[in-house]
Each structure stands twice: as structure tokens, then as C-alpha cells.
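Trainee: Have a look at the structure that comes next, please.
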Amino acid sequence: MFTNKELKNLIIPLFLEQLLVMLVGIADTFIVSYAGEAAVSGVSLVNSFSTIFIYLFTALASGGAVVISQYIGRGVKEDASEAASQLLTASTLFSLIISCIILILHRPMLSTLFGQVEPDVMEACTIYLQISLFSYPALAVYNAGAALYRSLGKTNVTMYISIVANAINVGGNLIGVFLLKAGVAGVAWPTLIARVFSAIVITALCFGKKIRVCYTWPQICRWHGQLMKRILRIAVPNGVENGIFQLVKVALSSVVALFGTYQIAANGIAQSIWSLAALAGVTMGPVFITVIGQCMGADDTALAELYFTKLLKITLTVSLIWNALVFVLTPVMMNFYHISPEAKDLVIVLVLIHNVFNTVAFPMSGPLANGLRAAGDIKFTMIVSIASTIGGRLVFSILFAIVLNWGVIGIAAAMCLDWIIRAVIFAIRLKSGKWKTFKVI
């Protein structure tokens, strides 16, 4: 179903898009720093809060992508179009409800979460959230459209949209911070404009008759309960799993705060480099959903098994090359950070630990799990992921970091242990063939 050329055309734009988003995020942080420490702190705190909802929108889009991919694989274009249209309806309604709730309750929410911060930081949080929450519906609508195009294998489209949107974002930040001296608002408005632009463009393209699966107004304007149930059956467990993962990350951030300043600084820098190193594995997640989803939709489990093996080999190879490159560049990047020699050495150790296991374990704990979800094996992947996150990452972080006094190295080791647990269990699940028995459509 997918030639090597088609797989390459699917993977490379996704990787470049994710890399661009990462680099723009770094540039944004750099620009915001010129608006003052309060602005940087406010943006950072609100972004950590917004991440929860962004993951929920992503989970909903992923659920839709599985259903759409399976209908495409089965060759029923009308049903695929209806699934895409219903995903747009659900994403729009869900994001509007979330935005309205936050708009009404944002002040008590911020006081509860960040009540101990300085008044100028709280003011920055309030301004940034009041503006950026209006971009939530646009982000959800874009994710729905991106899910359709990725299900069709047209990842170059989302890449081009991302290039223009991120250019708008960075350019707007430069104007807002340096020219208009608007502070936090000068950063928030460009984000809103960029997301609205992305949503409008992807939605217009999804209505186009040139693609074989597209939005239609009659299907958008009615509620198809059975179809929506299929989407939510995948989206809800994925959302719960991601929500718990974020809560564990928050809990672990408080554990990191127990250690010395140089360890806290090293951990923060290492995490930014980890995000860069993880791009290879993160990119392959949607690829597994598209390819395995279409194979299972066509009721060809033998072909799905073949592509599981092929995609895993690709993921392992790309991860090895990319993680090695990032590690080689890490000492060079350390020259741009004004931190102590001890902190620089610790960053290099943390990146080494992460990149080794991100190469050998994460491909089977992350992307492989997406493939199992695309086959309909939802409940099993959710239970394993939640149990591993809590029983592996959280519990062993406390054991390694505090009880054994390994510090932030213990937290990195527990993260890798979490990946290993999932990798072993998901590999056994793949080999067992039980994933072949599930039906999504």
C-alpha cells in the first residue's frame, strides 16, 4: 500500500515540521526574554497550563485520524469524509466549551495554580492567558484538518502551513516586543494570529474537491452519534493517558526543585535538548497511525504486520542517527549557556542517558503504541502506559532521585525505565497478534 517513496514523502515533511516548531519555540523564548523576567515567567507558566488542553485537542485529533485512516484503507470515501467532518464538529464544540470555561474562571484558576508568584508575574499570566485562550478553538480546528491530511499521507501540506504560520508568529513577536513594546501582549497576539491563519487555511483546503476525502457542510452540521462514539473510544483513553502523564511531570518538577541550583539548571537545559533529540520518535507516531490504520481498514492484518516491522526498523535507524547527532552537538551548545562547569557536565551526562534509551527503547514504547492504537488496541495501551508512568516513572524517580540520592540523574533513569517497561510489553503484544482481533469501523 505504501512504497518506499511514499513513506519518505510521509516522514520527511513531518520531521521538518516538528523541527521547525521546536526551533521557533526556542526563538520565541529568546524574544520574550527581552520583555523582562516577569514576561518570561508568565508565558512559561501559562504555557505549562495550556499544554494540558493542547494534549486533549491532540488526543481527539488522533482518535479521528485512526477512524479516517481505516475508512481510507477500506476504500469508503464517503464514510472517511463523514468521519473527518464529524471530527471538525467535535473539535470545534469541545474547544469552544473549554475556552468559555477558562474565560469565566481564569482568575481563580491562576490564583489556585500560581498564587505564590509575584504580582507582576501574575499580571503577565493573566494578560497572556486572556489573549491566548481565544486561539484554542483555532488550534483544535487546525488539528482536525491536519489529521485528515496526514491520514491521506499529504504531510507536505501541513509542513508548508507550519512554515508560514511560524514565520507569522516569530515576525509578530519581533514587532510586538521590539517595535510596539507591548510586552506579554506583544507575544500573545502573534500566537493567536498564527493559529487562526493555520485553522483557516487547513479548513479551506479540507473543503477542496481536489482531495479524495473532504469536509462537507451537511456532515458537519449533523451529529452522528455512532461515528462520534468510534472517534471518542480512541480519543478519550488517549486523553486520559496524556493527562496523567502531564500530572506526573508536574509532580516530578517539584522533586527536581529539592536539589541544588546547578542540578535544577542542568535539568532544565537537558529537557530542552531532550525535546530536540526526541523528534525522530515523535515524528513517527502519526506515520504509524496512517499506515497501520489504512492496513487494518483494508482488513489486511498480514500487511499491517509487515509495516509494523518496516516502520520500527525505520524508526530505530532514524532515531540512532538523529540522537547521535544531537549528542555530538551538545558540548557545542553548552558554550552558549552561562552556567557552572558542573552543570554543563551534568547536562552532557543527562543527554547521553536520554539519547541512548530514546534510540533503543522509545521507538517501541511510543510510535509502536500509536500503531497498536491505530489497530484498535486502545484499552491495553492505555492501561500499560498509565501503569508504567505511575509505577515506573513516578515511583522509581522518587526511589532513584531521593532515596538513593542520585538527584536529577535518578529522574532521567526512571524515565528510561518507563520506556523499557512499555517497550517490552508492547513488543510482546505485537508478537502475540492479539491486536489483529480488534475492530474500529
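Going by the C-alpha cells order, chains are called A, B, ..., each with residues numbered from 1, while ligands are numbered from 1 in the order shown.
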So that I can check the surroundings of Leu430 (chain A), please list as an mmCIF file with N, CA, C and O atoms, in the first residue's frame every protein, DNA and RNA residue that reaches within 12 Å of it, counting only C-alpha atoms and ignoring chain neighbours fewer than 4 positions away.
Mentor:
data_model
loop_
_atom_site.group_PDB
_atom_site.id
_atom_site.type_symbol
_atom_site.label_atom_id
_atom_site.label_comp_id
_atom_site.auth_asym_id
_atom_site.auth_seq_id
_atom_site.Cartn_x
_atom_site.Cartn_y
_atom_site.Cartn_z
ATOM 1 N N THR A 301 -4.383 -7.805 7.834
ATOM 2 C CA THR A 301 -3.537 -7.862 9.031
ATOM 3 C C THR A 301 -2.116 -8.305 8.704
ATOM 4 O O THR A 301 -1.167 -7.906 9.384
ATOM 5 N N ALA A 304 -0.389 -5.228 7.638
ATOM 6 C CA ALA A 304 -0.165 -4.402 8.824
ATOM 7 C C ALA A 304 1.049 -4.904 9.601
ATOM 8 O O ALA A 304 1.893 -4.116 10.063
ATOM 9 N N GLU A 305 1.158 -6.220 9.746
ATOM 10 C CA GLU A 305 2.292 -6.813 10.457
ATOM 11 C C GLU A 305 3.603 -6.501 9.732
ATOM 12 O O GLU A 305 4.612 -6.188 10.356
ATOM 13 N N LEU A 306 3.564 -6.571 8.416
ATOM 14 C CA LEU A 306 4.751 -6.260 7.621
ATOM 15 C C LEU A 306 5.185 -4.813 7.847
ATOM 16 O O LEU A 306 6.379 -4.529 8.026
ATOM 17 N N TYR A 307 4.186 -3.892 7.859
ATOM 18 C CA TYR A 307 4.523 -2.484 8.041
ATOM 19 C C TYR A 307 4.914 -2.153 9.479
ATOM 20 O O TYR A 307 5.690 -1.224 9.712
ATOM 21 N N PHE A 308 4.384 -2.885 10.455
ATOM 22 C CA PHE A 308 4.861 -2.716 11.835
ATOM 23 C C PHE A 308 6.374 -2.932 11.879
ATOM 24 O O PHE A 308 7.122 -2.124 12.434
ATOM 25 N N THR A 309 6.822 -4.027 11.264
ATOM 26 C CA THR A 309 8.252 -4.358 11.246
ATOM 27 C C THR A 309 9.054 -3.311 10.483
ATOM 28 O O THR A 309 10.101 -2.845 10.952
ATOM 29 N N LEU A 312 9.155 0.095 12.337
ATOM 30 C CA LEU A 312 10.030 0.016 13.510
ATOM 31 C C LEU A 312 11.490 0.100 13.104
ATOM 32 O O LEU A 312 12.300 0.772 13.773
ATOM 33 N N MET A 364 9.764 1.589 20.493
ATOM 34 C CA MET A 364 8.786 0.537 20.777
ATOM 35 C C MET A 364 7.831 0.914 21.904
ATOM 36 O O MET A 364 6.847 0.218 22.140
ATOM 37 N N SER A 365 8.115 2.008 22.608
ATOM 38 C CA SER A 365 7.202 2.434 23.671
ATOM 39 C C SER A 365 6.293 3.565 23.224
ATOM 40 O O SER A 365 5.180 3.719 23.726
ATOM 41 N N LEU A 368 5.330 2.644 18.396
ATOM 42 C CA LEU A 368 4.683 1.327 18.314
ATOM 43 C C LEU A 368 3.322 1.350 18.989
ATOM 44 O O LEU A 368 2.357 0.741 18.499
ATOM 45 N N ALA A 369 3.229 2.055 20.120
ATOM 46 C CA ALA A 369 1.938 2.174 20.817
ATOM 47 C C ALA A 369 0.906 2.859 19.934
ATOM 48 O O ALA A 369 -0.274 2.485 19.932
ATOM 49 N N ASN A 370 1.327 3.861 19.157
ATOM 50 C CA ASN A 370 0.403 4.519 18.227
ATOM 51 C C ASN A 370 -0.092 3.551 17.167
ATOM 52 O O ASN A 370 -1.256 3.602 16.747
ATOM 53 N N GLY A 371 0.796 2.660 16.726
ATOM 54 C CA GLY A 371 0.383 1.650 15.760
ATOM 55 C C GLY A 371 -0.649 0.698 16.330
ATOM 56 O O GLY A 371 -1.619 0.331 15.654
ATOM 57 N N LEU A 372 -0.454 0.292 17.581
ATOM 58 C CA LEU A 372 -1.427 -0.589 18.244
ATOM 59 C C LEU A 372 -2.775 0.114 18.405
ATOM 60 O O LEU A 372 -3.832 -0.495 18.229
ATOM 61 N N ARG A 373 -2.732 1.415 18.734
ATOM 62 C CA ARG A 373 -3.986 2.183 18.838
ATOM 63 C C ARG A 373 -4.684 2.252 17.483
ATOM 64 O O ARG A 373 -5.906 2.166 17.400
ATOM 65 N N ALA A 375 -4.675 0.105 15.290
ATOM 66 C CA ALA A 375 -5.294 -1.199 15.033
ATOM 67 C C ALA A 375 -6.540 -1.420 15.879
ATOM 68 O O ALA A 375 -7.271 -2.385 15.682
ATOM 69 N N ASP A 377 -6.363 -1.439 19.373
ATOM 70 C CA ASP A 377 -5.955 -1.992 20.672
ATOM 71 C C ASP A 377 -5.787 -0.844 21.670
ATOM 72 O O ASP A 377 -4.671 -0.530 22.114
ATOM 73 N N PHE A 380 -5.731 -1.706 26.154
ATOM 74 C CA PHE A 380 -4.479 -2.309 26.615
ATOM 75 C C PHE A 380 -3.359 -1.272 26.646
ATOM 76 O O PHE A 380 -2.618 -1.175 27.636
ATOM 77 N N THR A 381 -3.211 -0.494 25.575
ATOM 78 C CA THR A 381 -2.138 0.502 25.530
ATOM 79 C C THR A 381 -2.328 1.563 26.609
ATOM 80 O O THR A 381 -1.349 2.029 27.199
ATOM 81 N N ARG A 422 7.442 -0.246 28.860
ATOM 82 C CA ARG A 422 6.464 -0.183 27.772
ATOM 83 C C ARG A 422 6.966 -0.919 26.533
ATOM 84 O O ARG A 422 6.204 -1.636 25.880
ATOM 85 N N ALA A 423 8.249 -0.718 26.206
ATOM 86 C CA ALA A 423 8.813 -1.330 25.005
ATOM 87 C C ALA A 423 8.701 -2.851 25.055
ATOM 88 O O ALA A 423 8.299 -3.491 24.077
ATOM 89 N N VAL A 424 9.033 -3.432 26.207
ATOM 90 C CA VAL A 424 8.979 -4.895 26.355
ATOM 91 C C VAL A 424 7.538 -5.391 26.236
ATOM 92 O O VAL A 424 7.242 -6.338 25.496
ATOM 93 N N ILE A 425 6.625 -4.729 26.942
ATOM 94 C CA ILE A 425 5.228 -5.174 26.942
ATOM 95 C C ILE A 425 4.592 -5.003 25.566
ATOM 96 O O ILE A 425 3.898 -5.903 25.063
ATOM 97 N N PHE A 426 4.827 -3.849 24.918
ATOM 98 C CA PHE A 426 4.235 -3.616 23.600
ATOM 99 C C PHE A 426 4.837 -4.532 22.540
ATOM 100 O O PHE A 426 4.145 -4.958 21.600
ATOM 101 N N LYS A 434 -2.610 -10.309 19.197
ATOM 102 C CA LYS A 434 -3.944 -10.013 19.733
ATOM 103 C C LYS A 434 -4.516 -8.717 19.160
ATOM 104 O O LYS A 434 -5.739 -8.530 19.116
ATOM 105 N N TRP A 435 -3.625 -7.814 18.741
ATOM 106 C CA TRP A 435 -4.079 -6.543 18.177
ATOM 107 C C TRP A 435 -4.861 -6.748 16.871
ATOM 108 O O TRP A 435 -5.597 -5.854 16.435
ATOM 109 N N LYS A 436 -4.711 -7.922 16.257
ATOM 110 C CA LYS A 436 -5.392 -8.197 14.988
ATOM 111 C C LYS A 436 -6.890 -8.437 15.174
ATOM 112 O O LYS A 436 -7.647 -8.425 14.203
ATOM 113 N N THR A 437 -7.314 -8.679 16.410
ATOM 114 C CA THR A 437 -8.702 -9.083 16.663
ATOM 115 C C THR A 437 -9.639 -7.902 16.874
ATOM 116 O O THR A 437 -10.852 -8.075 16.980
#
Trainee: Per residue of region 13-68 of chain A within 10 Å of region 210-228 of chain A, note the shortest atom pair and the distance in Å to one decimal, counting only C-alpha atoms, and order the rows by chain and increasing residue number, as CSV.
Mentor:
residue,atom,partner,partner_atom,distance
A:Gly63,CA,A:Met228,CA,9.8
A:Gly64,CA,A:Met228,CA,8.8
A:Val67,CA,A:Leu227,CA,8.8
A:Ile68,CA,A:Val213,CA,9.0
Trainee: May I have the residues from that selection written out with C-alpha atoms, as a short mmCIF file (atom, residue, chain, number, x, y, z; two decimals), in the first residue's frame?
Mentor:
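Output (selection10.cif):
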data_model
loop_
_atom_site.label_atom_id
_atom_site.label_comp_id
_atom_site.auth_asym_id
_atom_site.auth_seq_id
_atom_site.Cartn_x
_atom_site.Cartn_y
_atom_site.Cartn_z
CA GLY A 63 -8.81 9.42 17.54
CA GLY A 64 -10.26 10.93 14.39
CA VAL A 67 -11.01 6.25 12.13
CA ILE A 68 -10.34 8.28 8.97
#
Trainee: Skip Leu45 (chain A) itself and residues of its chain fewer than 3 positions away, then list as a list in words all residues within 10 Å of it, counting only C-alpha atoms.
Mentor: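 Listed by chain and then number, they are Ala39, Val40, Ser41, Gly42, Ser48, Phe49, Ser50, Leu110, Leu113, Phe114, Val121, Met122, Ala124, Cys125, Tyr128 and Leu129 of chain A.
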Trainee: Skipping near chain neighbours, those fewer than 5 positions away, what residues fall within 9 Å of region 407-415 of chain A using only C-alpha atoms, listed as a PyMOL selection string?
Mentor: chain A and resi 252+255-256+258-260+263-264+266-267+346+349-350+353-354+389+392-402+420
Trainee: Where in region 178-212 of chain A does DSSP assign alpha helix (DSSP H), given as a count of residues only?
Mentor: 22
Trainee: Which residue, A:Gly172, A:Gly239, A:Pro341, A:Gly297, has the smallest gap to Ile386 (chain A) when you use only C-alpha atoms?
Mentor: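 So, comparing all the options, the nearest one is A:Gly239.
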Trainee: Determine, counting only C-alpha atoms, which protein, DNA and RNA residues have an atom within 8 Å of an atom of Ala165 (chain A); residues of the same chain fewer than 4 positions away are not included. Present the result as a count of residues only.
Mentor: 6
Trainee: How many Å separate CA of Gln294 (chain A) from CA of Ile72 (chain A)?
Mentor: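 Interatomic distance here is 6.1 Å.
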Trainee: Using only C-alpha atoms, which residues sit within 12 Å of Gly171 (chain A) once same-chain residues fewer than 6 positions away are excluded, as a list in words?
Mentor: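 Listing them by chain and then by number gives Val24, Ala27, Asp28, Ile31, Val164, Ala165, Val177, Phe178, Leu179, Gly186, Val187, Trp189, Pro190, Thr191, Ile193 and Ala194 of chain A.
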